[in-house]
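**Q** Pasting coords17.txt below, which is compact mmCIF, C-alpha atoms.
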```txt
# COMPACT_ATOMS: atom_id res chain seq x y z
CA MET J 657 133.36 176.73 -3.52
CA ARG J 658 134.93 180.18 -3.76
CA MET J 659 132.57 183.13 -3.70
CA ILE J 660 133.40 186.80 -4.14
CA GLY J 661 130.23 188.75 -3.63
CA ARG J 662 127.66 187.21 -5.98
CA VAL J 663 130.19 185.45 -8.24
CA ALA J 664 130.51 181.79 -7.24
CA THR J 665 133.14 179.40 -8.58
CA THR J 666 132.33 175.77 -7.83
CA THR J 667 134.86 172.96 -8.28
CA MET J 668 133.45 169.44 -8.03
CA THR J 669 135.70 166.40 -7.73
CA MET J 670 134.05 163.02 -8.31
CA VAL J 671 135.58 159.55 -8.10
CA LEU J 672 134.13 156.81 -10.31
CA HIS J 673 134.80 153.29 -9.02
CA ASN J 674 134.52 150.14 -11.13
CA PRO J 675 134.25 147.01 -8.93
CA GLY J 676 134.00 144.70 -11.95
CA SER J 677 136.66 142.56 -13.55
CA ARG J 678 136.49 144.41 -16.91
CA GLN J 679 137.04 147.99 -17.88
CA GLN J 680 133.77 149.86 -18.20
CA GLU J 681 132.27 152.90 -19.87
CA SER J 682 130.68 155.38 -17.47
CA VAL J 683 128.10 158.05 -18.19
CA VAL J 684 127.71 160.65 -15.45
CA ILE J 685 124.91 163.21 -15.31
CA ILE J 686 125.91 166.25 -13.24
CA PRO J 687 123.20 168.77 -12.33
CA VAL J 688 124.33 172.38 -12.31
CA SER J 689 122.65 175.77 -12.15
CA ALA J 690 120.91 176.80 -15.35
CA GLN J 691 123.03 179.98 -15.25
CA ALA J 692 126.31 178.04 -14.93
CA THR J 693 129.25 178.64 -17.25
CA ILE J 694 131.67 175.73 -17.52
CA ARG J 695 135.29 176.83 -17.02
CA ARG J 696 137.23 173.58 -16.74
CA PHE J 697 136.56 169.89 -17.05
CA GLY J 698 139.00 167.03 -16.97
CA LEU J 699 139.61 163.38 -16.20
CA GLU J 700 142.65 162.28 -14.28
CA GLY J 701 143.94 158.84 -15.16
CA ALA J 702 146.94 156.74 -15.94
CA GLN J 703 147.54 158.58 -19.21
CA GLY J 704 147.49 162.05 -17.62
CA LYS J 705 144.90 164.84 -17.52
CA PHE J 706 142.54 165.68 -20.34
CA SER J 707 140.38 168.75 -20.80
CA ALA J 708 137.13 168.49 -22.71
CA LYS J 709 135.54 171.01 -25.03
CA LEU J 710 131.97 172.09 -25.40
CA VAL J 711 131.28 170.97 -28.94
CA PRO J 712 128.18 170.04 -30.96
CA ARG J 713 126.78 166.61 -30.14
CA ASP J 714 127.54 164.98 -33.49
CA GLU J 715 131.11 166.25 -33.62
CA ALA J 716 131.69 165.26 -30.01
CA ARG J 717 130.54 161.71 -30.68
CA LYS J 718 133.13 161.33 -33.48
CA ILE J 719 135.89 162.58 -31.18
CA TYR J 720 134.69 160.28 -28.41
CA ASP J 721 134.64 157.20 -30.64
CA GLU J 722 138.15 157.95 -31.90
CA ILE J 723 139.55 158.31 -28.38
CA VAL J 724 137.81 155.10 -27.29
CA ARG J 725 139.51 153.21 -30.12
CA ARG J 726 142.86 154.54 -28.85
CA SER J 727 142.06 153.26 -25.30
CA LEU J 728 143.14 156.48 -23.61
CA ASP J 729 141.39 158.09 -20.65
CA PRO J 730 139.18 160.69 -22.28
CA ALA J 731 136.19 162.57 -20.93
CA LEU J 732 133.59 164.02 -23.23
CA LEU J 733 131.57 166.92 -21.89
CA GLU J 734 128.25 167.97 -23.26
CA PHE J 735 125.07 169.50 -21.91
CA ALA J 736 122.40 166.84 -21.54
CA GLY J 737 119.60 169.35 -21.06
CA SER J 738 118.85 172.50 -19.19
CA GLY J 739 121.01 172.69 -16.11
CA LEU J 740 122.69 169.33 -16.75
CA VAL J 741 126.19 168.32 -17.74
CA LYS J 742 126.81 164.88 -19.20
CA SER J 743 130.18 163.19 -18.97
CA SER J 744 130.99 160.08 -21.00
CA VAL J 745 134.10 158.32 -19.72
CA PHE J 746 135.98 155.30 -21.08
CA PRO J 747 137.66 153.30 -19.79
CA VAL J 748 137.16 153.14 -16.04
CA PRO J 749 139.71 150.40 -15.23
CA ALA J 750 138.67 147.07 -13.78
CA ARG J 751 138.65 147.19 -9.97
CA GLY J 752 139.94 150.72 -10.28
CA SER J 753 138.86 154.34 -10.20
CA ALA J 754 138.77 157.44 -12.38
CA LYS J 755 138.59 160.99 -11.03
CA ILE J 756 136.57 163.74 -12.71
CA ARG J 757 136.98 167.43 -11.88
CA LEU J 758 134.45 170.03 -13.02
CA THR J 759 134.69 173.81 -12.43
CA TYR J 760 131.87 176.19 -13.25
CA GLU J 761 130.90 179.78 -12.44
CA GLU J 762 127.54 181.45 -11.85
CA ILE J 763 126.02 184.72 -10.67
CA LEU J 764 124.10 184.08 -7.46
CA LYS J 765 120.57 185.26 -6.81
CA ILE J 766 120.06 188.10 -4.34
CA ASP J 767 117.03 188.82 -2.19
CA GLY J 768 117.35 192.11 -0.36
CA ASP J 769 120.56 191.84 1.68
CA ARG J 770 120.70 188.05 1.32
CA ILE J 771 122.71 186.12 -1.30
CA ASP J 772 121.70 182.50 -1.91
CA TYR J 773 123.80 179.61 -3.20
CA THR J 774 122.62 176.10 -4.11
CA LEU J 775 124.68 173.03 -4.99
CA LEU J 776 122.30 170.64 -6.69
CA ARG J 777 122.26 167.08 -5.35
CA THR J 778 119.76 164.27 -5.70
CA GLU J 779 117.54 163.51 -2.75
CA SER J 780 117.28 159.82 -3.67
CA PRO J 781 118.76 157.54 -0.96
CA GLN J 782 119.81 155.23 -3.78
CA TYR J 783 122.76 157.57 -4.45
CA ASP J 784 123.82 158.05 -0.83
CA VAL J 785 127.57 158.32 -1.37
CA PRO J 786 130.04 160.12 0.92
CA TRP J 787 130.55 163.79 0.07
CA SER J 788 131.78 166.95 1.73
CA VAL J 789 131.79 170.67 1.07
CA SER J 790 134.17 173.53 1.82
CA VAL J 791 133.36 177.19 1.19
CA ASP J 792 135.40 180.40 1.12
CA TRP J 793 133.13 183.47 0.84
CA THR J 794 134.18 187.12 0.65
CA ILE J 795 131.75 190.07 0.51
CA ASN J 796 133.11 193.59 0.27
CA GLY J 797 131.50 195.76 2.90
CA GLY J 798 131.18 192.95 5.40
CA ILE J 799 129.39 189.69 6.07
CA ALA J 800 126.62 189.93 8.65
CA GLY J 801 126.02 186.19 8.85
CA VAL J 802 126.10 182.89 6.95
CA TYR J 803 123.67 180.02 7.42
CA SER J 804 122.88 176.69 5.76
CA PRO J 805 119.22 175.67 6.13
CA SER J 806 119.99 172.25 4.65
CA HIS J 807 123.17 170.91 6.29
CA ASN J 808 125.29 171.26 9.42
CA THR J 809 128.35 173.44 8.92
CA GLU J 810 131.32 174.73 10.88
CA ASP J 811 132.37 178.29 10.14
CA ARG J 812 135.51 180.30 10.84
CA ARG J 813 135.70 184.04 10.30
CA VAL J 814 138.88 185.20 8.60
CA GLY J 815 137.91 188.87 8.95
CA PRO J 816 134.86 191.14 8.76
CA ASN J 817 134.55 190.52 5.01
CA ARG J 818 135.49 186.85 4.75
CA ILE J 819 134.32 183.55 6.21
CA LYS J 820 135.26 179.90 5.64
CA LEU J 821 132.87 177.00 6.14
CA SER J 822 133.02 173.24 6.00
CA THR J 823 130.43 170.55 6.53
CA ARG J 824 130.53 168.48 9.68
CA GLY J 825 129.50 164.87 10.13
CA LYS J 826 127.91 162.70 7.49
CA MET J 827 126.31 164.70 4.69
CA GLN J 828 122.71 163.73 4.03
CA SER J 829 121.33 163.68 0.50
CA GLY J 830 119.60 166.65 -1.09
CA PRO J 831 120.76 170.06 -2.35
CA PHE J 832 123.30 171.97 -0.27
CA ARG J 833 121.93 175.46 0.38
CA LEU J 834 123.83 178.40 1.81
CA SER J 835 122.79 181.99 2.45
CA ALA J 836 124.93 185.00 3.37
CA THR J 837 123.63 188.36 4.53
CA GLN J 838 125.54 191.51 3.67
CA ARG J 839 126.27 194.13 6.29
CA LYS J 840 124.81 197.46 5.19
CA ASN J 841 126.00 200.83 6.48
CA ASN J 842 126.39 199.59 10.04
CA ARG J 843 122.65 198.88 10.26
CA ALA J 844 120.89 195.84 11.66
CA THR J 845 120.46 193.16 8.97
CA ALA J 846 117.45 190.83 8.84
CA SER J 847 116.42 188.13 6.40
CA ILE J 848 113.40 185.82 6.55
CA MET J 849 113.04 182.49 4.74
CA ALA J 850 109.54 180.99 4.82
CA TYR J 851 108.75 177.28 4.56
CA PRO J 852 104.97 177.04 4.08
CA GLU J 853 103.05 173.81 4.34
CA ALA J 854 99.62 172.80 3.11
CA GLN J 855 96.60 174.41 4.74
CA LYS J 856 95.28 172.69 7.84
CA ALA J 857 91.89 172.85 9.53
CA VAL J 858 92.05 174.15 13.10
CA GLY J 859 88.70 174.39 14.89
CA GLY J 860 86.90 174.27 11.57
CA ILE J 861 88.99 177.14 10.17
CA LYS J 862 91.57 176.61 7.44
CA VAL J 863 94.95 178.09 8.36
CA GLN J 864 98.26 178.24 6.53
CA ALA J 865 100.75 176.08 8.42
CA GLY J 866 104.54 176.07 8.19
CA TYR J 867 107.44 177.89 9.77
CA PHE J 868 110.00 180.56 8.99
CA LEU J 869 113.67 181.20 9.68
CA MET J 870 114.83 184.69 10.59
CA LEU J 871 118.49 185.64 10.37
CA LEU J 872 119.03 188.80 12.39
CA THR J 873 122.41 190.47 12.74
CA PRO J 874 122.87 193.56 14.93
CA PRO J 875 124.93 196.52 13.73
CA SER J 876 128.60 196.63 14.59
CA ILE J 877 129.09 197.45 18.24
CA LYS J 878 131.95 199.91 18.61
CA ASP J 879 133.77 200.81 21.78
CA LYS J 880 131.99 198.05 23.69
CA LYS J 881 133.84 195.49 25.74
CA PRO J 882 132.93 191.89 24.87
CA VAL J 883 131.06 189.86 27.47
CA LEU J 884 133.51 188.01 29.73
CA ARG J 885 133.15 184.22 29.88
CA GLU J 886 133.07 181.80 32.77
CA VAL J 887 133.76 178.31 31.42
CA SER J 888 133.34 175.12 33.44
CA LEU J 889 134.83 172.02 31.80
CA VAL J 890 133.08 168.82 32.94
CA ILE J 891 135.07 165.76 31.83
CA ASP J 892 134.18 162.06 32.03
CA LYS J 893 137.08 160.08 33.53
CA SER J 894 135.33 156.70 33.72
CA GLY J 895 137.16 153.56 32.61
CA SER J 896 135.62 153.59 29.14
CA MET J 897 137.49 156.84 28.38
CA ALA J 898 140.83 154.99 28.30
CA GLY J 899 143.32 155.65 25.53
CA GLU J 900 142.98 158.37 22.91
CA LYS J 901 139.62 159.63 24.18
CA ILE J 902 140.89 160.83 27.56
CA GLU J 903 144.17 162.06 26.07
CA GLN J 904 142.33 164.19 23.51
CA ALA J 905 139.79 165.38 26.10
CA LEU J 906 142.52 166.59 28.45
CA LYS J 907 144.35 168.31 25.59
CA ALA J 908 141.07 170.01 24.70
CA ALA J 909 140.61 171.17 28.30
CA THR J 910 144.09 172.68 28.31
CA GLN J 911 143.46 174.36 24.97
CA VAL J 912 140.18 175.90 26.18
CA ILE J 913 141.72 177.32 29.36
CA GLU J 914 144.70 178.69 27.47
CA GLY J 915 142.28 180.25 24.97
CA LEU J 916 140.49 182.27 27.65
CA ASN J 917 141.53 185.86 28.10
CA ASP J 918 143.21 186.93 31.31
CA GLY J 919 140.48 188.07 33.66
CA GLU J 920 137.93 185.51 32.47
CA ALA J 921 137.03 182.57 34.74
CA PHE J 922 137.20 178.77 34.57
CA ASN J 923 136.81 175.58 36.55
CA ILE J 924 137.52 171.91 35.86
CA ILE J 925 135.14 169.19 37.06
CA VAL J 926 135.94 165.51 36.53
CA TYR J 927 133.69 162.59 37.31
CA ASN J 928 133.37 158.84 37.34
CA GLU J 929 131.26 157.30 40.14
CA SER J 930 132.21 160.36 42.19
CA VAL J 931 132.74 164.02 41.31
CA GLU J 932 135.84 166.16 41.90
CA SER J 933 136.72 169.71 40.96
CA PHE J 934 139.78 171.87 40.47
CA SER J 935 138.22 174.56 42.67
CA LYS J 936 135.06 175.00 44.75
CA HIS J 937 134.06 177.79 42.39
CA PRO J 938 135.34 179.23 39.07
CA VAL J 939 138.68 181.03 39.39
CA ILE J 940 140.01 184.00 37.45
CA LYS J 941 142.50 183.08 34.77
CA ASN J 942 145.99 184.46 35.28
CA ARG J 943 149.49 183.06 35.04
CA ALA J 944 149.31 181.32 38.44
CA SER J 945 145.88 179.75 37.96
CA LEU J 946 146.86 178.56 34.46
CA LEU J 947 149.92 176.74 35.84
CA ASP J 948 147.77 175.19 38.61
CA ALA J 949 145.21 174.03 36.02
CA ARG J 950 147.88 172.39 33.89
CA ARG J 951 149.16 170.48 36.92
CA TYR J 952 145.64 169.41 37.84
CA ILE J 953 144.88 168.18 34.32
CA SER J 954 148.14 166.21 34.12
CA GLY J 955 147.15 164.33 37.30
CA ILE J 956 143.74 163.12 36.09
CA ARG J 957 143.44 159.30 35.97
CA ILE J 958 140.58 157.16 34.65
CA SER J 959 138.55 154.48 36.49
CA GLY J 960 135.02 153.54 37.52
CA GLY J 961 131.52 154.28 36.24
CA THR J 962 129.63 157.34 35.01
CA ASN J 963 127.73 159.67 37.38
CA ILE J 964 126.38 162.22 34.91
CA HIS J 965 123.73 163.69 37.21
CA ASP J 966 126.01 164.67 40.09
CA ALA J 967 128.63 166.11 37.72
CA LEU J 968 126.08 168.38 36.08
CA LYS J 969 124.56 169.21 39.46
CA LEU J 970 127.91 170.50 40.71
CA ALA J 971 128.55 172.44 37.48
CA THR J 972 125.18 174.22 37.56
CA GLN J 973 125.15 174.97 41.29
CA GLN J 974 128.48 176.75 41.41
CA LYS J 975 128.36 180.34 42.56
CA PRO J 976 128.51 182.38 39.33
CA THR J 977 131.18 184.96 38.64
CA PRO J 978 129.51 188.40 38.57
CA GLY J 979 129.35 190.07 35.17
CA MET J 980 130.32 186.97 33.18
CA LEU J 981 128.46 184.67 30.78
CA PRO J 982 128.38 181.21 32.45
CA ILE J 983 129.13 178.32 30.07
CA VAL J 984 129.47 174.57 30.71
CA LEU J 985 131.35 172.27 28.32
CA PHE J 986 130.18 168.77 29.28
CA LEU J 987 131.88 165.68 27.82
CA THR J 988 130.98 161.99 28.16
CA ASP J 989 131.43 158.77 26.19
CA GLY J 990 128.64 156.75 27.80
CA VAL J 991 125.30 156.62 29.55
CA PRO J 992 124.66 157.26 33.25
CA THR J 993 125.47 154.13 35.29
CA ILE J 994 125.91 155.55 38.80
CA GLY J 995 123.49 157.64 40.90
CA GLN J 996 120.45 158.95 39.08
CA THR J 997 120.21 157.12 35.74
CA ASN J 998 116.70 158.02 34.56
CA GLU J 999 116.99 160.34 31.56
CA LYS J 1000 113.91 162.47 32.29
CA LYS J 1001 114.70 162.83 35.98
CA ILE J 1002 118.26 163.93 35.17
CA ARG J 1003 116.99 166.48 32.67
CA ASP J 1004 114.30 167.86 34.97
CA SER J 1005 116.67 167.99 37.95
CA ILE J 1006 119.38 169.90 36.08
CA ALA J 1007 116.84 172.33 34.60
CA ALA J 1008 115.59 173.09 38.12
CA LYS J 1009 119.10 173.52 39.55
CA ASN J 1010 120.38 175.67 36.68
CA LYS J 1011 119.09 178.88 38.25
CA ASP J 1012 121.95 180.97 36.81
CA ASN J 1013 121.04 179.93 33.23
CA ARG J 1014 124.34 178.30 32.37
CA ARG J 1015 124.61 177.25 28.73
CA ILE J 1016 125.39 173.51 28.70
CA PHE J 1017 127.29 172.56 25.53
CA THR J 1018 127.37 168.76 25.44
CA PHE J 1019 129.86 166.47 23.70
CA GLY J 1020 129.05 162.81 23.09
CA VAL J 1021 132.14 160.73 22.30
CA GLY J 1022 131.65 157.45 20.44
CA VAL J 1023 128.47 155.52 19.63
CA ASP J 1024 127.36 154.47 23.12
CA VAL J 1025 126.17 157.85 24.39
CA ASN J 1026 122.61 158.79 25.37
CA THR J 1027 121.94 161.06 22.41
CA PRO J 1028 118.44 162.22 23.46
CA LEU J 1029 119.71 163.22 26.91
CA LEU J 1030 122.70 165.19 25.61
CA SER J 1031 120.64 166.91 22.93
CA ARG J 1032 117.88 167.93 25.34
CA LEU J 1033 120.33 169.18 27.97
CA ALA J 1034 121.86 171.43 25.32
CA ASP J 1035 118.55 172.55 23.82
CA ASP J 1036 116.99 173.32 27.21
CA SER J 1037 119.90 175.59 28.14
CA ARG J 1038 120.09 177.32 24.72
CA ALA J 1039 123.33 175.59 23.77
CA ARG J 1040 124.34 172.93 21.23
CA ALA J 1041 125.11 169.21 21.30
CA THR J 1042 128.15 167.92 19.40
CA TYR J 1043 128.88 164.27 18.65
CA VAL J 1044 132.34 162.86 18.07
CA LEU J 1045 132.28 159.69 15.99
CA PRO J 1046 134.92 156.95 16.20
CA LYS J 1047 138.24 158.06 14.62
CA GLU J 1048 137.22 161.73 14.93
CA ASP J 1049 139.32 164.03 17.11
CA VAL J 1050 137.78 165.08 20.44
CA GLU J 1051 140.22 167.97 20.79
CA LEU J 1052 139.29 169.34 17.37
CA LYS J 1053 135.54 169.15 18.02
CA VAL J 1054 135.81 170.94 21.36
CA ALA J 1055 138.07 173.59 19.80
CA GLN J 1056 135.53 174.22 17.02
CA VAL J 1057 132.73 174.86 19.52
CA PHE J 1058 134.90 176.98 21.79
CA ARG J 1059 135.95 179.12 18.83
CA ARG J 1060 132.28 179.92 18.21
CA LEU J 1061 132.02 181.16 21.80
CA SER J 1062 134.84 183.63 21.34
CA GLY J 1063 134.04 187.24 22.19
CA PRO J 1064 130.25 187.25 22.62
CA VAL J 1065 128.83 190.77 22.38
CA LEU J 1066 125.14 190.15 23.09
CA ARG J 1067 123.50 188.38 26.00
CA ASP J 1068 119.83 187.36 26.19
CA PRO J 1069 118.62 189.38 23.16
CA GLU J 1070 114.83 189.69 22.75
CA LEU J 1071 112.70 189.82 19.61
CA VAL J 1072 109.41 191.75 19.95
CA CYS J 1073 106.78 191.17 17.24
CA THR J 1074 104.03 193.74 16.84
```
Show how you would write the structure in this file as structure tokens.

**A**
Amino acid sequence: MRMIGRVATTTMTMVLHNPGSRQQESVVIIPVSAQATIRRFGLEGAQGKFSAKLVPRDEARKIYDEIVRRSLDPALLEFAGSGLVKSSVFPVPARGSAKIRLTYEEILKIDGDRIDYTLLRTESPQYDVPWSVSVDWTINGGIAGVYSPSHNTEDRRVGPNRIKLSTRGKMQSGPFRLSATQRKNNRATASIMAYPEAQKAVGGIKVQAGYFLMLLTPPSIKDKKPVLREVSLVIDKSGSMAGEKIEQALKAATQVIEGLNDGEAFNIIVYNESVESFSKHPVIKNRASLLDARRYISGIRISGGTNIHDALKLATQQKPTPGMLPIVLFLTDGVPTIGQTNEKKIRDSIAAKNKDNRRIFTFGVGVDVNTPLLSRLADDSRARATYVLPKEDVELKVAQVFRRLSGPVLRDPELVCT
């Protein structure tokens, strides 16, 4: 999708696959916004690319029948009802594929300072096919924030007026929804989305249940230094991390340290059945400490089991660097096998020892991790859990999270409701 203000241009690419032994006719129903205007439509095939026209149904059927008799790769486009586009395609080759590309434009709805976009998708699990989304949104005057209440996204700011987003992980079914708030005259921007549920009886009294989401963006902060960061990298070096996983993890560690500004702080903690650290406490990044960190990382070797509890204990009990925001990036590919292995006891112990309120961003690599433990450790410390599936890049995932931690300007904000 490409959005400029409220004008959205959506390009959908769909692949039709025919597993049968004969060529087939395919009819595709594509839901679009009722306000959509079709700009381009085409089918890519062996005979080249064809563009379809919006023509009356009867005339279109004659054209379609003629093209079918010629055995080319046509696509006929017609509205099949309000907010629907119907594509009739013949032939889809036996044991082959045909690719359809549709581009349409629409004017997005606006609610106060918030602009809303919806890409219609069925919620039926029967049509659970792989799909992904990428977005490039520009708003003159500035973007205060962008949020998807329906799917997980990764965002990258290109400037104060532009942001790029992509979906992360497997996309679940259902409409993809995205909202952007506009920055207005350097004022705080707030937007509330309510999700009411049916009334419930509480103590004999009927109450309206549900929840709401508030997106609150502060005004631009000028002439203020960003909060300095203290980052502790906690890396699993057990035997199961052999191969690409440890290589990518160590590259990610180097990338994070190099990405810190001079004057910020870092430490490196590695663990298997025992726990070791680069320094007894976080050190200030400068040219000398960066060279020392590179040498330390290059000497890390894998072996042994997984002592998650003691690694986190050391990370959270370090003496904090005054005036800095303490952050832990914790990475593992397994479950605790050494020391304390009970999930609840680990969680409760780390919560009690984390007296300096370090944010623990967790990374689970592979499919054998303790997902509930990693998610709760992150949630309890007001951070986020990230999971790296097989064949995904550990270095890329860590870099995406670290980029979101770049230049924080607020620490421990409070919302007072009156």

**Q** What gap, in Å, lies between atom CA of Asn942 of chain J and atom CA of Glu1051 of chain J?

**A** 22.7 Å

**Q** So, with only C-alpha atoms as the atoms that count, which of J:Gln996, J:Thr778, J:Thr794, J:Asn1010 lies closest to Ile983 of chain J?

**A** J:Asn1010

**Q** Which residue, J:Leu699, J:Ala971, J:Ala754, J:Leu906, has the smallest gap to Val887 of chain J when you use all atoms listed in the file?

**A**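 Counting all atoms listed in the file, the residue closest to Val887 of chain J is J:Ala971.
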
**Q** Just want the 12 Å neighbourhood of Glu914 of chain J, counted on only C-alpha atoms, with same-chain residues fewer than 6 positions away dropped. Output as a list of chain:residue names.

**A** J:Val887, J:Lys907, J:Ala908, J:Glu920, J:Ala921, J:Phe922, J:Lys941, J:Asn942, J:Arg943, J:Ser945, J:Leu946, J:Leu947, J:Ala949, J:Arg950, J:Ala1055, J:Phe1058

**Q** Take atom CA of Gly960 of chain J and atom CA of Ile994 of chain J and report the distance between them in Å, one decimal.

**A** 9.4 Å

**Q** Would you pick out the contacts of Ala750 of chain J at 6 Å or less, using only C-alpha atoms, so that residues sharing its chain but fewer than 6 positions from it are not included, and give the list as JSON, numbers by chain?

**A** {"J": [674, 676, 677, 678, 679]}

**Q** Let's have the selection written as a PDB file, in the coordinates of the input, with C-alpha atoms.

**A**
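Below is the file that was written, result-v9.pdb:
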```pdb
ATOM      1  CA  ASN J 674     134.520 150.140 -11.130  1.00  0.00           C
ATOM      2  CA  GLY J 676     134.000 144.700 -11.950  1.00  0.00           C
ATOM      3  CA  SER J 677     136.660 142.560 -13.550  1.00  0.00           C
ATOM      4  CA  ARG J 678     136.490 144.410 -16.910  1.00  0.00           C
ATOM      5  CA  GLN J 679     137.040 147.990 -17.880  1.00  0.00           C
TER       6      GLN J 679
END
```

**Q** When you look at His673 of chain J with a cut-off of 8 Å (counting all atoms listed in the file), what residues show up, excluding the ones that are within fewer than 3 positions of it in the same chain? I need them as a list in words.

**A**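 Residues near the query, excluding close chain neighbours: Val748, Arg751, Gly752, Ser753 and Ala754 of chain J.
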
**Q** Using all atoms listed in the file for the distances, tell me which of J:Val671, J:Leu1029, J:Ile891, J:Met980 is nearest to Phe934 of chain J.

**A**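 Under the stated criterion, the closest residue is J:Ile891.
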
**Q** Kindly give the distance, in Å, that separates atom CA of Asn998 of chain J and atom CA of Thr962 of chain J, rounded to a single decimal.

**A**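 It comes out at 13.0 Å.
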
**Q** Could you tell me, as an MDAnalysis selection string, which residues have any atom at most 12 Å from (124.1, 178.2, 6.0), counting only C-alpha atoms?

**A** chainID J and resid 770:774 789:791 793 801:811 819:823 832:837 849 869 871

**Q** Taking all atoms listed in the file into account, name the residue in J:Glu929, J:Asp966, J:Glu903, J:Asp918 that is nearest to Ala944 of chain J.

**A**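 The closest residue to Ala944 of chain J is J:Asp918.
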
**Q** Point out the residue among J:Pro747, J:Arg812, J:Val1021, J:Pro982 with the least atom-to-atom distance to Ala1041 of chain J, counting all atoms listed in the file.

**A**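 Once distances to Ala1041 of chain J are computed over all atoms listed in the file, the minimum belongs to J:Val1021.
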